[in-house]
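Undergrad: This is the structure I want to talk about, given as structure tokens.
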Amino acid sequence: MCWTRRASLTFPENALDNKLLDILACPVCKGPLRWHRDTQQLVCRGDRLAFPVRDGIPVMLEDEARSLPSDDPLLKD
Ligand SMILES: [Zn+2]
């Protein structure tokens, strides 16, 4: 049994918890953001901007945000 190989390289489950999400707001419109764990992005639906999260740290800069097309899947659900 070699349980030492169970080292996890995955993104920590709680790296961006609900408390942090409560604090974070879109720097453009101050509106709420949606966390997309799969793509590691925080999305403002109002502005159609996706903010990157690097090493668990949200980069809340308009210059770093990616503009999303209106039909982007990140804007759905
Ligand atoms: Zn916004």
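Just remember, in the structure tokens the first chain shown is A, the second B, etc., residues are 1-based per chain, and ligands are 1-based in the order shown.
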For A:Pro69, work out the shell of residues within 12 Å, counting only C-alpha atoms and skipping chain neighbours fewer than 5 positions away, then give it as a PDB file with C-alpha atoms, in the first residue's frame.
TA:
ATOM      1  CA  ARG A  45     -22.651  38.984 -16.329  1.00  0.00           C
ATOM      2  CA  GLY A  46     -23.619  42.632 -16.489  1.00  0.00           C
ATOM      3  CA  ASP A  47     -20.369  43.708 -18.101  1.00  0.00           C
ATOM      4  CA  ARG A  48     -19.691  40.350 -19.775  1.00  0.00           C
ATOM      5  CA  LEU A  49     -16.205  40.286 -18.290  1.00  0.00           C
ATOM      6  CA  ALA A  50     -14.246  37.278 -17.057  1.00  0.00           C
ATOM      7  CA  LEU A  74     -19.929  31.376 -19.083  1.00  0.00           C
ATOM      8  CA  LEU A  75     -22.860  33.790 -19.193  1.00  0.00           C
ATOM      9  CA  LYS A  76     -25.432  31.007 -19.131  1.00  0.00           C
TER      10      LYS A  76
END
Undergrad: As a PyMOL selection string, please: every protein or nucleic acid residue near ligand 1 (cut-off 6 Å, counting only C-alpha atoms and all ligand atoms).
TA: chain A and resi 26+28-31+44+46-47
Undergrad: What is the atom CA of A:Leu33-atom CA of A:Pro52 distance in Å, reported with one decimal?
TA: 11.9 Å
Undergrad: Select, from A:Ile23, A:Ser70, A:Arg34, A:Leu42, the residue with the minimum atom-to-atom distance to A:Arg54, counting only C-alpha atoms.
TA: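 Result for the nearest residue to A:Arg54: A:Leu42.
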Undergrad: If we count only C-alpha atoms and set the cut-off at 9 Å, which residues sit around A:Met60, ignoring sequence neighbours fewer than 3 positions away in its own chain? Please answer as a list in words.
TA: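 The filter keeps Leu24, Ala25, Cys26, Pro27, Leu42, Phe51, Pro52, Val53, Asp63, Glu64 and Ala65 of chain A.
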Undergrad: Go through stretch 16-56 of chain A and collect every residue that DSSP, computed from the backbone, puts in strand (DSSP E); the answer should be as a list in words.
TA: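 So the strand (DSSP E) residues in stretch 16-56 of chain A would be Arg34, Trp35, His36, Gln41, Leu42, Val43, Cys44, Leu49, Ala50, Phe51, Pro52, Val53 and Arg54 of chain A.
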Undergrad: May I ask which of the residues A:His36, A:Ile57, A:Pro73, A:Gln41 is the closest one to A:Leu20, counting only C-alpha atoms?
TA: A:Ile57
Undergrad: Mind pulling up the distance from atom CA of A:Asp22 to atom CA of A:Leu68?
TA: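 Atom CA of A:Asp22 lies 22.6 Å from atom CA of A:Leu68.
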Undergrad: Figure out the distance between atom CA of A:Arg66 and atom CA of A:Val43, please, to one decimal in Å.
TA: 9.3 Å
